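*Asks:* Can you read through this structure? Questions will come right after.
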Amino acid sequence: MRLLLSVCAVLTLAFSAGAREPAGVADAVIRSDGLPRLLSDYHFFRDVSGWQPNERVVPYQLNMPLFSDYAEKYRYIYVPEGEQAKANGDGLLAFPVGSALIKSFGYEIDGKPRLIETRVLLHRADGWLALPYVWNAEQTEAKLKIAGERIPVSFTDPAGKQRSINYGVPNKNQCKECHALSGAVTPIGPKARNLTDGGQLEDFARLGLIDAVPAVDYRVPVWGETSAPLNDRARGYLDANCAHCHNINGSASNSGLFLTYEETMPVRLGINKRPVAAGRGSGTHDFDIAPGDPEGSIMIYRLDSLEAGISMPEVGRSVVHDEGVALLSQWIAEMDGKD
């Protein structure tokens, strides 16, 4: 689920596409009330192709990333000069006003990584704002697409399967829906427990990006880390892919299904839990999770579907994440009903 580019490769991509004179990140643009039309307006990158991050724009990776049609993701954090994010135990880093989270999505096409879109989360005085930008064919600029867009993409997935999809760039409202927490737009990914791989938190502290290295008691396993307990891997997957809506303050709070990594009550995780509203989404099954029976569990039924009104998550994918379904199916199959 991650394509790692060496520093040399990133620099080669940057300068082959045409590097420009370094300029600082445009703090005034991040903080303003406007909706910048071009990604380059922010000066997050030193090069026109969006590969070489500017000063104080720091790359990071999540242990367990959100699945998005097998797209590779390139993530960056920006915290303005003189400011620091605050560590909050295992949880979400608290970013100061003027910060930005930048996430580019792309695929390897014809042997080269190619960017499709870049989403930005801007922390302004009145809260966070999520905006999507779509890259042009020349890979020299990304333009704001408030209404979203469908982009045909052909690629090879990690299992070697050839896929052709209409990649969905979310519209502004869809961005807001997934990032909603108690009605306010909130970052999803950069939780301390999901940033432990490769000493990233220590690097952030050394760079002055965060105020301290948080003590992480319950780390999320790295995707593909089969040595980690199955329960931890499955719970980490649900936290990354489902819990931004399925939490007590999220947009799916009325479902009673809460899939955060911290959740301890089996019934709130869906185990032997009947759906609040039975309908097409239940597939005639009785329980969100039927221990020992993945094929009889609503969770697997919905994750394994592409049909509107049944498919979960509702946005962000146009193909089934086969490996994710396999992981959760194994987890449910090994339950004995007492979990």
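All residue names refer to the structure tokens as shown: chains lettered A, B, ... in order, residues numbered from 1 in each chain, ligands numbered from 1 in order.
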At a cut-off of 12 Å, using only C-alpha atoms, what residues contact region 281-298 of chain A? Leave out same-chain residues fewer than 3 positions from it and give the result as a ChimeraX atom specification.
*Replies:* /A:255-259,266-278,301-314,325-339
*Asks:* Can you pull out the residues contacting Tyr133 (chain A)? Cut-off 9 Å, using only C-alpha atoms, and skip same-chain residues under 2 positions away; I want them as a list in words.
*Replies:*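 Selected residues are Arg37, Leu38, Leu39, Ile116, Glu117, Thr118, Arg119, Val120, Leu131, Trp135, Ala142, Lys143, Leu144, Lys145, Ile146, Gly148 and Val169 of chain A.
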*Asks:* Generate the output file for the selected residues, N, CA and C atoms, as a PDB file, in the first residue's frame.
*Replies:*
```
ATOM      1  N   ARG A  37      -6.678  28.878  -6.060  1.00  0.00           N
ATOM      2  CA  ARG A  37      -7.037  28.137  -7.270  1.00  0.00           C
ATOM      3  C   ARG A  37      -5.992  27.098  -7.646  1.00  0.00           C
ATOM      4  N   LEU A  38      -4.739  27.357  -7.291  1.00  0.00           N
ATOM      5  CA  LEU A  38      -3.639  26.474  -7.676  1.00  0.00           C
ATOM      6  C   LEU A  38      -2.903  25.954  -6.450  1.00  0.00           C
ATOM      7  N   LEU A  39      -2.474  24.708  -6.513  1.00  0.00           N
ATOM      8  CA  LEU A  39      -1.681  24.140  -5.425  1.00  0.00           C
ATOM      9  C   LEU A  39      -0.378  24.911  -5.240  1.00  0.00           C
ATOM     10  N   ILE A 116      -2.122  12.067  -9.231  1.00  0.00           N
ATOM     11  CA  ILE A 116      -3.487  12.274  -9.711  1.00  0.00           C
ATOM     12  C   ILE A 116      -4.107  13.482  -9.019  1.00  0.00           C
ATOM     13  N   GLU A 117      -3.994  13.537  -7.711  1.00  0.00           N
ATOM     14  CA  GLU A 117      -4.570  14.653  -6.954  1.00  0.00           C
ATOM     15  C   GLU A 117      -3.739  14.904  -5.700  1.00  0.00           C
ATOM     16  N   THR A 118      -3.899  16.096  -5.146  1.00  0.00           N
ATOM     17  CA  THR A 118      -3.325  16.446  -3.852  1.00  0.00           C
ATOM     18  C   THR A 118      -4.403  17.104  -3.018  1.00  0.00           C
ATOM     19  N   ARG A 119      -4.618  16.564  -1.823  1.00  0.00           N
ATOM     20  CA  ARG A 119      -5.602  17.139  -0.904  1.00  0.00           C
ATOM     21  C   ARG A 119      -4.857  17.897   0.192  1.00  0.00           C
ATOM     22  N   VAL A 120      -5.390  19.025   0.575  1.00  0.00           N
ATOM     23  CA  VAL A 120      -4.776  19.802   1.646  1.00  0.00           C
ATOM     24  C   VAL A 120      -5.790  20.039   2.759  1.00  0.00           C
ATOM     25  N   LEU A 131      -9.478  20.844   1.028  1.00  0.00           N
ATOM     26  CA  LEU A 131      -9.618  21.204  -0.379  1.00  0.00           C
ATOM     27  C   LEU A 131      -8.891  20.193  -1.269  1.00  0.00           C
ATOM     28  N   TRP A 135      -4.102  17.194 -10.575  1.00  0.00           N
ATOM     29  CA  TRP A 135      -2.910  17.467 -11.382  1.00  0.00           C
ATOM     30  C   TRP A 135      -3.218  17.430 -12.878  1.00  0.00           C
ATOM     31  N   ALA A 142      -1.470  21.577 -10.141  1.00  0.00           N
ATOM     32  CA  ALA A 142      -2.724  20.974  -9.697  1.00  0.00           C
ATOM     33  C   ALA A 142      -3.720  22.093  -9.427  1.00  0.00           C
ATOM     34  N   LYS A 143      -4.938  21.932  -9.958  1.00  0.00           N
ATOM     35  CA  LYS A 143      -5.958  22.972  -9.840  1.00  0.00           C
ATOM     36  C   LYS A 143      -7.076  22.542  -8.893  1.00  0.00           C
ATOM     37  N   LEU A 144      -7.627  23.510  -8.186  1.00  0.00           N
ATOM     38  CA  LEU A 144      -8.708  23.273  -7.246  1.00  0.00           C
ATOM     39  C   LEU A 144      -9.935  22.718  -7.976  1.00  0.00           C
ATOM     40  N   LYS A 145     -10.506  21.648  -7.403  1.00  0.00           N
ATOM     41  CA  LYS A 145     -11.713  21.035  -7.961  1.00  0.00           C
ATOM     42  C   LYS A 145     -12.739  20.900  -6.843  1.00  0.00           C
ATOM     43  N   ILE A 146     -13.442  21.986  -6.573  1.00  0.00           N
ATOM     44  CA  ILE A 146     -14.437  22.004  -5.499  1.00  0.00           C
ATOM     45  C   ILE A 146     -15.496  20.928  -5.699  1.00  0.00           C
ATOM     46  N   GLY A 148     -15.142  18.081  -7.216  1.00  0.00           N
ATOM     47  CA  GLY A 148     -14.593  16.751  -7.415  1.00  0.00           C
ATOM     48  C   GLY A 148     -14.456  16.415  -8.890  1.00  0.00           C
ATOM     49  N   VAL A 169     -12.081  11.774  -7.289  1.00  0.00           N
ATOM     50  CA  VAL A 169     -11.617  12.890  -6.464  1.00  0.00           C
ATOM     51  C   VAL A 169     -12.835  13.407  -5.705  1.00  0.00           C
TER      52      VAL A 169
END
```
*Asks:* To test your reading of the structure, identify every residue in region 26-233 of chain A that backbone DSSP assigns to alpha helix (DSSP H), and report it as a VMD selection string.
*Replies:* chain A and resid 27 to 31 172 to 178 200 to 206 230 to 233
*Asks:* Between A:Pro158, A:Gly189, A:Pro152, A:Gly324, single out the one closest to Ala234 (chain A), counting only C-alpha atoms.
*Replies:*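 Looking at the shortest contact to Ala234 (chain A), the residue is A:Gly324.
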*Asks:* Quick check, in Å to one decimal: how far apart do CA of Pro53 (chain A) and CA of Glu225 (chain A) lie?
*Replies:*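 That distance, rounded to one decimal, is 28.6 Å.
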*Asks:* Taking only C-alpha atoms into account, which of A:Asp126, A:Asp211, A:Asp69, A:Asp232 comes nearest Ile165 (chain A)?
*Replies:* A:Asp69
*Asks:* Write out as a ChimeraX atom specification all residues of region 152-304 of chain A that backbone DSSP assigns to strand (DSSP E or B).
*Replies:* /A:152-156,162-169,180-181,184-185,191,210,271,287,289,297
*Asks:* At a cut-off of 7 Å, using only C-alpha atoms, what residues contact Arg31 (chain A)? Leave out same-chain residues fewer than 2 positions from it and give the result as a compact mmCIF listing (two decimals) with all heavy atoms, in the first residue's frame.
*Replies:*
```
# COMPACT_ATOMS: atom_id res chain seq x y z
N ASP A 27 2.56 31.40 4.18
CA ASP A 27 1.74 31.35 5.39
C ASP A 27 0.46 32.16 5.25
O ASP A 27 -0.60 31.75 5.74
CB ASP A 27 2.55 31.87 6.58
CG ASP A 27 3.67 30.93 6.98
OD1 ASP A 27 3.40 29.73 7.16
OD2 ASP A 27 4.82 31.38 7.11
N ALA A 28 0.54 33.30 4.59
CA ALA A 28 -0.64 34.15 4.46
C ALA A 28 -1.73 33.46 3.64
O ALA A 28 -2.93 33.66 3.90
CB ALA A 28 -0.26 35.49 3.81
N VAL A 29 -1.34 32.64 2.67
CA VAL A 29 -2.32 31.91 1.85
C VAL A 29 -3.01 30.84 2.68
O VAL A 29 -4.23 30.64 2.58
CB VAL A 29 -1.62 31.30 0.62
CG1 VAL A 29 -2.60 30.44 -0.18
CG2 VAL A 29 -1.04 32.40 -0.26
N ASP A 33 -8.84 33.76 4.08
CA ASP A 33 -10.21 33.26 3.93
C ASP A 33 -10.48 32.72 2.53
O ASP A 33 -11.56 32.19 2.26
CB ASP A 33 -11.22 34.38 4.22
CG ASP A 33 -11.18 34.83 5.67
OD1 ASP A 33 -10.82 33.99 6.52
OD2 ASP A 33 -11.49 36.00 5.94
N GLY A 98 -2.33 27.82 11.21
CA GLY A 98 -1.29 28.07 10.22
C GLY A 98 -0.63 26.81 9.73
O GLY A 98 0.16 26.84 8.78
N ARG A 124 -7.01 27.07 9.74
CA ARG A 124 -7.23 28.51 9.79
C ARG A 124 -7.82 28.90 11.14
O ARG A 124 -8.15 28.04 11.97
CB ARG A 124 -8.15 28.92 8.64
CG ARG A 124 -7.48 28.73 7.28
CD ARG A 124 -8.36 29.08 6.12
NE ARG A 124 -7.59 29.16 4.88
CZ ARG A 124 -8.11 29.37 3.68
NH1 ARG A 124 -9.42 29.53 3.54
NH2 ARG A 124 -7.34 29.44 2.61
```
*Asks:* Between A:Ser99, A:Asn166, A:Thr186, A:Ser251, which residue has the minimum interatomic distance to Ile151 (chain A), considering only C-alpha atoms?
*Replies:*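 Nearest to Ile151 (chain A): A:Asn166.
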